[in-house]
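Raw structure34.txt, compact mmCIF, C-alpha atoms:
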```
# COMPACT_ATOMS: atom_id res chain seq x y z
CA MET A 1 -47.52 -92.57 152.86
CA SER A 2 -48.93 -89.19 151.83
CA HIS A 3 -50.10 -88.68 155.40
CA LYS A 4 -46.52 -89.19 156.62
CA LYS A 5 -45.20 -86.65 154.10
CA ASN A 6 -47.71 -84.07 155.34
CA GLU A 7 -46.56 -84.70 158.91
CA ASP A 8 -42.93 -84.19 157.87
CA LYS A 9 -43.81 -80.89 156.19
CA SER A 10 -45.73 -79.75 159.24
CA HIS A 11 -42.80 -80.71 161.47
CA LYS A 12 -40.36 -78.69 159.31
CA LYS A 13 -42.58 -75.60 159.59
CA ASP A 14 -42.44 -75.86 163.36
CA SER A 15 -38.64 -76.10 163.28
CA ALA A 16 -36.43 -73.05 163.93
CA LEU A 17 -34.57 -73.96 160.74
CA HIS A 18 -37.63 -73.34 158.61
CA VAL A 19 -37.35 -70.38 156.23
CA MET A 20 -40.53 -68.55 155.33
CA GLY A 21 -41.06 -67.67 151.71
CA GLY A 22 -40.46 -64.02 150.94
CA ILE A 23 -42.13 -61.52 148.64
CA HIS A 24 -41.14 -62.30 145.09
CA SER A 25 -41.37 -58.73 143.82
CA SER A 26 -38.82 -56.19 145.04
CA HIS A 27 -40.93 -53.21 143.91
CA ASP A 28 -41.90 -50.87 146.76
CA GLY A 29 -44.85 -49.31 144.94
CA MET A 30 -43.02 -46.05 144.19
CA LYS A 31 -42.51 -44.94 140.61
CA ARG A 32 -38.89 -45.47 139.63
CA LYS A 33 -36.83 -42.48 138.46
CA LYS A 34 -33.59 -42.53 136.58
CA ARG A 35 -30.72 -41.71 138.96
CA ARG A 36 -28.75 -38.67 137.95
CA ARG A 37 -25.00 -38.82 138.32
CA PHE A 38 -23.60 -36.24 140.75
CA VAL A 39 -21.12 -33.93 139.09
CA LYS A 40 -19.36 -31.24 141.12
CA LYS A 41 -19.79 -27.87 139.49
CA GLU A 42 -16.72 -25.77 138.86
CA THR A 43 -17.32 -22.42 140.54
CA SER A 44 -15.88 -19.47 138.68
CA VAL A 45 -14.00 -16.88 140.71
CA ASN A 46 -14.23 -13.19 139.86
CA ILE A 47 -10.80 -11.97 140.94
CA ASP A 48 -11.68 -8.26 140.70
CA SER A 49 -14.71 -8.71 142.94
CA LEU A 50 -12.81 -10.95 145.35
CA PHE A 51 -9.95 -8.49 145.75
CA ASP A 52 -12.34 -5.55 146.26
CA SER A 53 -14.03 -7.45 149.08
CA ILE A 54 -10.67 -8.34 150.64
CA ALA A 55 -9.49 -4.71 150.46
CA ALA A 56 -12.80 -3.62 152.03
CA GLY A 57 -12.04 -5.81 155.06
CA SER A 58 -14.10 -8.97 154.47
CA ARG A 59 -12.49 -11.70 156.56
CA ASN A 60 -14.55 -14.39 154.81
CA ASP A 61 -13.27 -13.31 151.40
CA LEU A 62 -9.73 -13.04 152.76
CA ALA A 63 -10.04 -16.69 153.83
CA ARG A 64 -11.34 -17.55 150.35
CA GLY A 65 -8.38 -15.77 148.78
CA ILE A 66 -5.90 -17.65 150.97
CA THR A 67 -7.58 -20.95 150.11
CA LEU A 68 -7.13 -20.09 146.43
CA ILE A 69 -3.44 -19.33 147.02
CA GLU A 70 -2.89 -22.57 148.94
CA SER A 71 -4.71 -24.69 146.36
CA MET A 72 -2.57 -27.32 144.64
CA LYS A 73 -4.85 -27.41 141.57
CA ARG A 74 -3.17 -26.18 138.41
CA SER A 75 -6.40 -24.43 137.37
CA ASP A 76 -6.28 -22.26 140.52
CA HIS A 77 -2.65 -21.24 140.03
CA ASP A 78 -3.26 -18.48 137.47
CA LEU A 79 -6.22 -17.11 139.44
CA ALA A 80 -4.09 -16.95 142.60
CA GLN A 81 -1.30 -15.13 140.77
CA ASN A 82 -3.78 -12.58 139.36
CA LEU A 83 -5.06 -11.98 142.89
CA LEU A 84 -1.52 -11.46 144.21
CA GLN A 85 -0.73 -9.11 141.32
CA LYS A 86 -3.63 -6.91 142.40
CA ALA A 87 -2.59 -7.12 146.05
CA LEU A 88 1.09 -6.28 145.53
CA PRO A 89 0.75 -2.44 145.35
CA HIS A 90 -1.04 -2.51 148.72
CA THR A 91 1.58 -4.51 150.63
CA GLY A 92 4.70 -3.78 152.67
CA GLU A 93 3.33 -1.49 155.38
CA SER A 94 2.94 -4.03 158.16
CA VAL A 95 5.32 -5.23 160.86
CA ARG A 96 6.07 -8.90 160.20
CA ILE A 97 6.83 -10.85 163.37
CA GLY A 98 7.90 -14.49 163.54
CA VAL A 99 7.26 -16.41 166.77
CA SER A 100 8.84 -19.79 167.43
CA GLY A 101 9.75 -21.97 170.38
CA VAL A 102 9.74 -25.48 171.73
CA PRO A 103 6.42 -27.37 172.05
CA GLY A 104 4.77 -26.58 175.37
CA ALA A 105 6.32 -23.13 175.71
CA GLY A 106 2.92 -21.51 175.21
CA LYS A 107 3.38 -19.88 171.80
CA SER A 108 -0.36 -19.83 171.04
CA THR A 109 -1.21 -18.51 174.51
CA PHE A 110 1.36 -15.74 174.21
CA ILE A 111 0.20 -14.81 170.69
CA GLU A 112 -3.45 -14.62 171.76
CA THR A 113 -2.72 -12.40 174.77
CA PHE A 114 -0.27 -10.25 172.80
CA GLY A 115 -2.63 -10.06 169.80
CA LEU A 116 -5.60 -9.07 171.97
CA MET A 117 -3.55 -6.26 173.54
CA LEU A 118 -2.60 -4.93 170.08
CA ALA A 119 -6.13 -5.36 168.69
CA ASP A 120 -7.55 -3.43 171.65
CA LYS A 121 -5.10 -0.62 170.82
CA GLY A 122 -6.68 -0.38 167.36
CA HIS A 123 -4.14 -2.42 165.39
CA LYS A 124 -5.35 -4.97 162.85
CA VAL A 125 -3.66 -8.25 163.71
CA ALA A 126 -3.35 -11.26 161.39
CA VAL A 127 -2.05 -14.54 162.82
CA LEU A 128 -0.73 -17.16 160.42
CA ALA A 129 -0.48 -20.28 162.57
CA ILE A 130 1.43 -23.17 161.03
CA ASP A 131 0.62 -26.68 162.31
CA PRO A 132 2.78 -29.74 161.64
CA SER A 133 1.52 -32.18 159.03
CA SER A 134 1.59 -35.90 159.72
CA ALA A 135 4.50 -37.67 158.06
CA VAL A 136 2.23 -40.72 157.64
CA SER A 137 -1.18 -39.40 156.54
CA GLY A 138 -0.24 -35.85 155.55
CA GLY A 139 -3.08 -34.54 157.71
CA SER A 140 -2.93 -31.75 160.27
CA ILE A 141 -4.99 -30.92 163.36
CA LEU A 142 -5.05 -27.14 162.74
CA GLY A 143 -6.07 -26.48 166.34
CA ASP A 144 -4.59 -22.99 166.78
CA LYS A 145 -7.81 -21.23 165.85
CA THR A 146 -9.61 -23.18 168.57
CA ARG A 147 -6.91 -22.38 171.14
CA MET A 148 -7.11 -18.64 170.35
CA GLU A 149 -10.88 -18.39 170.80
CA LYS A 150 -10.94 -14.82 172.18
CA LEU A 151 -8.63 -13.46 169.50
CA THR A 152 -10.60 -15.28 166.80
CA ASN A 153 -13.74 -13.37 167.77
CA HIS A 154 -12.07 -9.95 167.96
CA PRO A 155 -13.20 -7.66 165.10
CA ASN A 156 -9.60 -6.44 164.54
CA ALA A 157 -8.09 -9.90 164.26
CA PHE A 158 -7.83 -12.66 161.70
CA ILE A 159 -6.39 -16.14 162.31
CA ARG A 160 -5.49 -18.56 159.56
CA PRO A 161 -4.16 -22.03 160.49
CA SER A 162 -2.28 -23.87 157.74
CA PRO A 163 -0.39 -27.17 157.58
CA THR A 164 3.32 -27.34 156.85
CA SER A 165 2.52 -29.87 154.09
CA GLY A 166 6.01 -31.32 154.40
CA THR A 167 7.80 -27.97 154.08
CA LEU A 168 10.97 -27.61 156.14
CA GLY A 169 11.53 -24.58 158.36
CA GLY A 170 8.22 -24.72 160.20
CA VAL A 171 6.21 -22.71 157.69
CA HIS A 172 3.78 -23.41 154.87
CA ARG A 173 5.23 -23.05 151.36
CA LYS A 174 2.58 -20.38 150.63
CA THR A 175 3.09 -18.39 153.85
CA ARG A 176 4.79 -15.49 152.04
CA GLU A 177 1.91 -15.07 149.61
CA THR A 178 -0.66 -15.37 152.40
CA MET A 179 1.17 -12.65 154.31
CA LEU A 180 0.99 -10.29 151.32
CA LEU A 181 -2.75 -10.84 150.96
CA CYS A 182 -3.26 -10.05 154.67
CA GLU A 183 -1.33 -6.80 154.22
CA ALA A 184 -3.52 -5.88 151.26
CA ALA A 185 -6.53 -6.47 153.52
CA GLY A 186 -5.25 -3.75 155.85
CA PHE A 187 -3.60 -5.78 158.61
CA ASP A 188 -0.67 -3.78 159.98
CA ILE A 189 0.73 -6.52 162.25
CA ILE A 190 1.39 -10.02 160.92
CA LEU A 191 2.26 -12.70 163.47
CA ILE A 192 3.61 -15.97 162.07
CA GLU A 193 3.56 -18.82 164.58
CA THR A 194 5.85 -21.57 163.39
CA VAL A 195 5.85 -25.27 164.20
CA GLY A 196 8.95 -25.00 166.35
CA VAL A 197 11.45 -27.27 164.69
CA GLY A 198 14.72 -25.90 166.03
CA GLN A 199 17.51 -24.75 163.77
CA SER A 200 15.41 -25.05 160.58
CA GLU A 201 13.62 -21.86 161.68
CA ILE A 202 15.91 -19.97 159.31
CA ALA A 203 13.02 -20.27 156.80
CA VAL A 204 10.76 -17.96 158.82
CA ARG A 205 13.68 -15.63 159.60
CA ASN A 206 13.85 -15.06 155.83
CA MET A 207 10.30 -13.72 155.65
CA VAL A 208 9.83 -11.56 158.77
CA ASP A 209 11.21 -8.27 160.09
CA PHE A 210 11.44 -9.34 163.73
CA PHE A 211 12.03 -12.85 165.05
CA ALA A 212 11.06 -13.81 168.62
CA MET A 213 11.63 -17.11 170.38
CA VAL A 214 9.41 -18.28 173.25
CA ALA A 215 11.30 -20.21 175.94
CA ILE A 216 10.43 -21.50 179.40
CA THR A 217 12.52 -22.45 182.40
CA GLY A 218 13.06 -25.98 183.59
CA ALA A 219 11.98 -27.71 180.35
CA GLY A 220 15.33 -28.46 178.75
CA ASP A 221 15.51 -25.19 176.84
CA ASP A 222 17.63 -23.37 179.40
CA LEU A 223 21.12 -22.20 178.47
CA GLN A 224 22.68 -25.64 178.01
CA GLY A 225 19.70 -26.86 176.00
CA MET A 226 19.42 -23.86 173.69
CA LYS A 227 20.75 -24.26 170.16
CA LYS A 228 23.29 -21.64 169.21
CA GLY A 229 21.91 -21.61 165.66
CA ILE A 230 18.43 -20.40 166.60
CA MET A 231 19.80 -17.87 169.12
CA GLU A 232 21.89 -16.30 166.39
CA ILE A 233 18.78 -15.46 164.37
CA THR A 234 16.70 -14.28 167.34
CA ASP A 235 15.93 -10.59 167.98
CA LEU A 236 14.11 -11.30 171.26
CA ILE A 237 13.81 -14.21 173.66
CA ILE A 238 10.49 -14.30 175.52
CA VAL A 239 10.89 -16.25 178.78
CA HIS A 240 7.28 -17.33 179.10
CA LYS A 241 5.19 -18.46 182.08
CA ALA A 242 6.92 -15.98 184.41
CA ASP A 243 4.21 -16.23 187.05
CA GLY A 244 3.56 -17.77 190.46
CA ASP A 245 6.52 -19.59 191.94
CA ASN A 246 8.33 -19.39 188.60
CA VAL A 247 8.75 -15.59 188.52
CA ARG A 248 12.16 -15.46 190.18
CA ARG A 249 13.52 -18.31 188.06
CA ALA A 250 12.18 -16.74 184.84
CA LYS A 251 13.82 -13.39 185.65
CA ARG A 252 17.12 -15.13 186.36
CA THR A 253 16.88 -17.07 183.07
CA ALA A 254 16.16 -13.83 181.18
CA ARG A 255 19.30 -12.23 182.68
CA GLU A 256 21.38 -15.25 181.68
CA PHE A 257 20.03 -15.14 178.13
CA LYS A 258 20.94 -11.45 177.90
CA GLN A 259 24.53 -12.28 178.85
CA ILE A 260 24.71 -15.01 176.21
CA LEU A 261 23.17 -12.80 173.50
CA HIS A 262 25.67 -10.05 174.32
CA TYR A 263 28.53 -12.27 173.12
CA LEU A 264 26.81 -13.55 169.99
CA GLN A 265 26.83 -11.82 166.62
CA PRO A 266 23.61 -9.73 166.40
CA ALA A 267 20.78 -11.29 164.38
CA THR A 268 20.08 -7.82 162.97
CA PRO A 269 22.87 -5.27 162.38
CA GLY A 270 22.50 -2.30 164.70
CA TRP A 271 20.33 -4.18 167.20
CA LEU A 272 21.34 -5.94 170.42
CA SER A 273 19.02 -8.91 171.01
CA THR A 274 17.52 -9.13 174.48
CA ALA A 275 15.31 -11.32 176.74
CA ILE A 276 12.09 -10.41 178.57
CA PRO A 277 10.16 -12.43 181.21
CA VAL A 278 6.47 -12.61 180.23
CA SER A 279 3.33 -14.05 181.81
CA SER A 280 0.25 -14.53 179.65
CA TYR A 281 -1.62 -15.76 182.73
CA GLU A 282 -1.01 -12.55 184.68
CA LYS A 283 -0.78 -10.47 181.46
CA THR A 284 2.63 -8.98 182.27
CA GLY A 285 5.51 -8.23 179.94
CA HIS A 286 3.48 -7.89 176.73
CA GLU A 287 3.70 -4.09 176.71
CA GLU A 288 7.47 -4.36 177.08
CA VAL A 289 7.60 -6.80 174.16
CA TRP A 290 5.67 -4.34 171.94
CA GLU A 291 7.89 -1.44 173.02
CA THR A 292 10.94 -3.55 172.15
CA ILE A 293 9.55 -4.28 168.68
CA HIS A 294 8.75 -0.58 168.20
CA ASP A 295 12.30 0.42 169.23
CA PHE A 296 13.68 -2.26 166.92
CA ARG A 297 11.74 -0.88 163.95
CA GLU A 298 12.92 2.69 164.56
CA LYS A 299 16.59 1.76 164.94
CA VAL A 300 16.69 -0.63 161.99
CA MET A 301 14.89 1.86 159.75
CA GLU A 302 17.47 4.51 160.67
CA THR A 303 20.30 2.25 159.53
CA GLY A 304 18.48 1.38 156.30
CA TYR A 305 18.65 -2.34 157.07
CA TRP A 306 14.84 -2.64 157.27
CA ASP A 307 14.50 -2.11 153.51
CA ASP A 308 17.66 -4.10 152.77
CA ARG A 309 16.33 -7.11 154.68
CA ARG A 310 13.02 -7.05 152.81
CA LYS A 311 14.77 -6.83 149.45
CA ASN A 312 17.00 -9.77 150.37
CA GLN A 313 13.92 -11.73 151.46
CA VAL A 314 12.22 -11.17 148.09
CA LYS A 315 15.41 -12.27 146.32
CA ASN A 316 15.62 -15.43 148.48
CA TRP A 317 11.95 -16.13 147.78
CA PHE A 318 12.60 -15.85 144.05
CA HIS A 319 15.56 -18.26 144.24
CA ASP A 320 13.58 -20.75 146.37
CA MET A 321 10.83 -20.78 143.76
CA ILE A 322 13.37 -21.34 140.99
CA TYR A 323 14.68 -24.46 142.77
CA GLU A 324 11.14 -25.76 143.39
CA GLU A 325 10.17 -25.25 139.75
CA LEU A 326 13.34 -26.94 138.50
CA VAL A 327 12.60 -30.02 140.60
CA GLU A 328 8.97 -30.15 139.43
CA GLN A 329 9.95 -29.72 135.78
CA PHE A 330 12.59 -32.44 136.10
CA PHE A 331 10.10 -35.00 137.39
CA ARG A 332 7.55 -34.02 134.73
CA ARG A 333 9.96 -35.04 131.96
CA ASP A 334 9.12 -38.23 130.06
CA GLY A 335 10.60 -41.36 131.56
CA VAL A 336 12.23 -39.65 134.57
CA LYS A 337 10.03 -41.26 137.24
CA GLU A 338 10.54 -44.70 135.71
CA LYS A 339 14.31 -44.17 135.52
CA VAL A 340 14.41 -43.01 139.16
CA ALA A 341 12.49 -46.12 140.23
CA GLN A 342 14.90 -48.38 138.34
CA LEU A 343 17.95 -46.74 139.88
CA GLU A 344 16.40 -46.87 143.35
CA ALA A 345 15.92 -50.62 142.96
CA LYS A 346 19.58 -51.07 142.02
CA ILE A 347 20.73 -48.90 144.94
CA LEU A 348 18.64 -50.90 147.43
CA ALA A 349 19.96 -54.15 145.97
CA ASP A 350 23.54 -52.91 146.52
CA GLU A 351 24.18 -53.10 142.78
CA LEU A 352 24.94 -49.40 142.42
CA PRO A 353 26.39 -46.66 144.65
CA VAL A 354 24.23 -43.55 145.08
CA THR A 355 26.83 -41.27 143.45
CA LYS A 356 26.96 -43.44 140.31
CA ALA A 357 23.15 -43.55 140.19
CA MET A 358 23.11 -39.76 140.21
CA GLU A 359 25.53 -39.67 137.28
CA LEU A 360 23.36 -42.08 135.32
CA LEU A 361 20.18 -40.15 136.14
CA PHE A 362 21.53 -36.89 134.71
CA GLN A 363 23.50 -38.51 131.92
CA GLU A 364 22.56 -37.20 128.49
CA GLU A 365 21.15 -39.93 126.27
```
Taking this structure as input, can you express it in the form of structure tokens?
Amino acid sequence: MSHKKNEDKSHKKDSALHVMGGIHSSHDGMKRKKRRRFVKKETSVNIDSLFDSIAAGSRNDLARGITLIESMKRSDHDLAQNLLQKALPHTGESVRIGVSGVPGAGKSTFIETFGLMLADKGHKVAVLAIDPSSAVSGGSILGDKTRMEKLTNHPNAFIRPSPTSGTLGGVHRKTRETMLLCEAAGFDIILIETVGVGQSEIAVRNMVDFFAMVAITGAGDDLQGMKKGIMEITDLIIVHKADGDNVRRAKRTAREFKQILHYLQPATPGWLSTAIPVSSYEKTGHEEVWETIHDFREKVMETGYWDDRRKNQVKNWFHDMIYEELVEQFFRRDGVKEKVAQLEAKILADELPVTKAMELLFQEE
């Protein structure tokens, strides 16, 4: 009987189902050390030193300063405001140019070619490129710096891509503050490339001196496709990709735009908006664009509207911030979020009209 049991055991060892006994001890022979918990250190920022470096022309420290301004952390807010307070006396001397247009019009290509031309002339060019944020994840590709590789490497240029972060109008909510910091760093030309969201571009119009729209022929943004709203805030229409077989068509489109702009109310008092065919591939038309901006500055300064526009922009900025702060303070009040959720549930259940829910939300208890 015992012999049979031994045979059974031997048979099981030969089977593929047999499991070999393992090592009982899990010790690897190394002396165990107590694991230390990783704690991220809070790095202190010396605002005086940071601003001095920015004013001296450090692009790395300028990027650090902008990151501080864009930070959503409450602890960074006061530091950012101290930095802006130091920068403010050194701002206001640049030409602020907004560039918008439909996707595919070549805004980034135009800005790189135009920026390189200005940088080669000795100007210091800052490009604030705004990329759309995902409505689902909130993320953004931020690919403009990659697309403008030559301009990125130019010693007289600085490119900062930022996400819209849900802000309407195709700009980041901190774009104005970023622009001021770039001016304090000595950049005399600020180019703001917006997302290109159509008539909401009024937001960037309220923070720049000169607003240009990049258009192309044959892509639905010809005369019948153009929105009257955006044309009324445009100082210049750049008919892009005016090269190869498209030159004649681009010139014709530019002439047609000029006729339309002639009958519209000017975007800037004392200035007649115009259209210019431009090719970034053949590098034509960029000099004419710069001459147009230069003429614009001279004429608008003569009328006094240059300063008036900037004062109105600061006032609008102040009012925008008041509205933002009021909304944030409202939702920080005790019980507001819970009350909003309750009213939302009743609205979705068709138990309450939206107007009545609003009355109840702001009703004094």
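Atom pair CA of Glu183 in chain A / CA of Val95 in chain A has a distance of 9.5 Å (rounded to one decimal).
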Cut-off 10 Å: closest range 56-145 of chain A/range 283-299 of chain A atom pairs per residue, using all atoms listed in the file, as CSV:
```
residue,atom,partner,partner_atom,distance
A:Val95,CA,A:Arg297,CA,8.3
A:Ile97,CA,A:Ile293,CA,8.9
A:Phe110,CA,A:His286,CA,8.5
A:Ile111,CA,A:His286,CA,9.8
A:Thr113,CA,A:Lys283,CA,7.2
A:Phe114,CA,A:His286,CA,5.9
A:Gly115,CA,A:His286,CA,9.5
A:Met117,CA,A:His286,CA,7.9
A:Leu118,CA,A:Trp290,CA,8.5
```
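Residues in contact with range 45-52 of chain A at 12 Å, where only C-alpha atoms are counted and same-chain residues fewer than 6 positions away are skipped, are listed as Ser58, Arg59, Asn60, Asp61, Leu62, Ala63, Arg64, Gly65, Ile66, Leu68, Ser75, Asp76, Asp78, Leu79, Ala80, Gln81, Asn82, Leu83, Leu84, Gln85, Lys86, Ala87, Leu88, His90, Leu181, Cys182, Ala184 and Ala185 of chain A.
Taking CA of Arg96 in chain A as the reference point, CA of Asp243 in chain A is found at 27.9 Å.
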Using CA of Val204 in chain A and CA of Glu324 in chain A as the two end points, give the distance in Å to one decimal. 17.3 Å
Nearest to Asn156 in chain A by atom-to-atom distance, counting only C-alpha atoms, from A:Met207, A:Ala215, A:Thr91, A:Gly57: A:Gly57
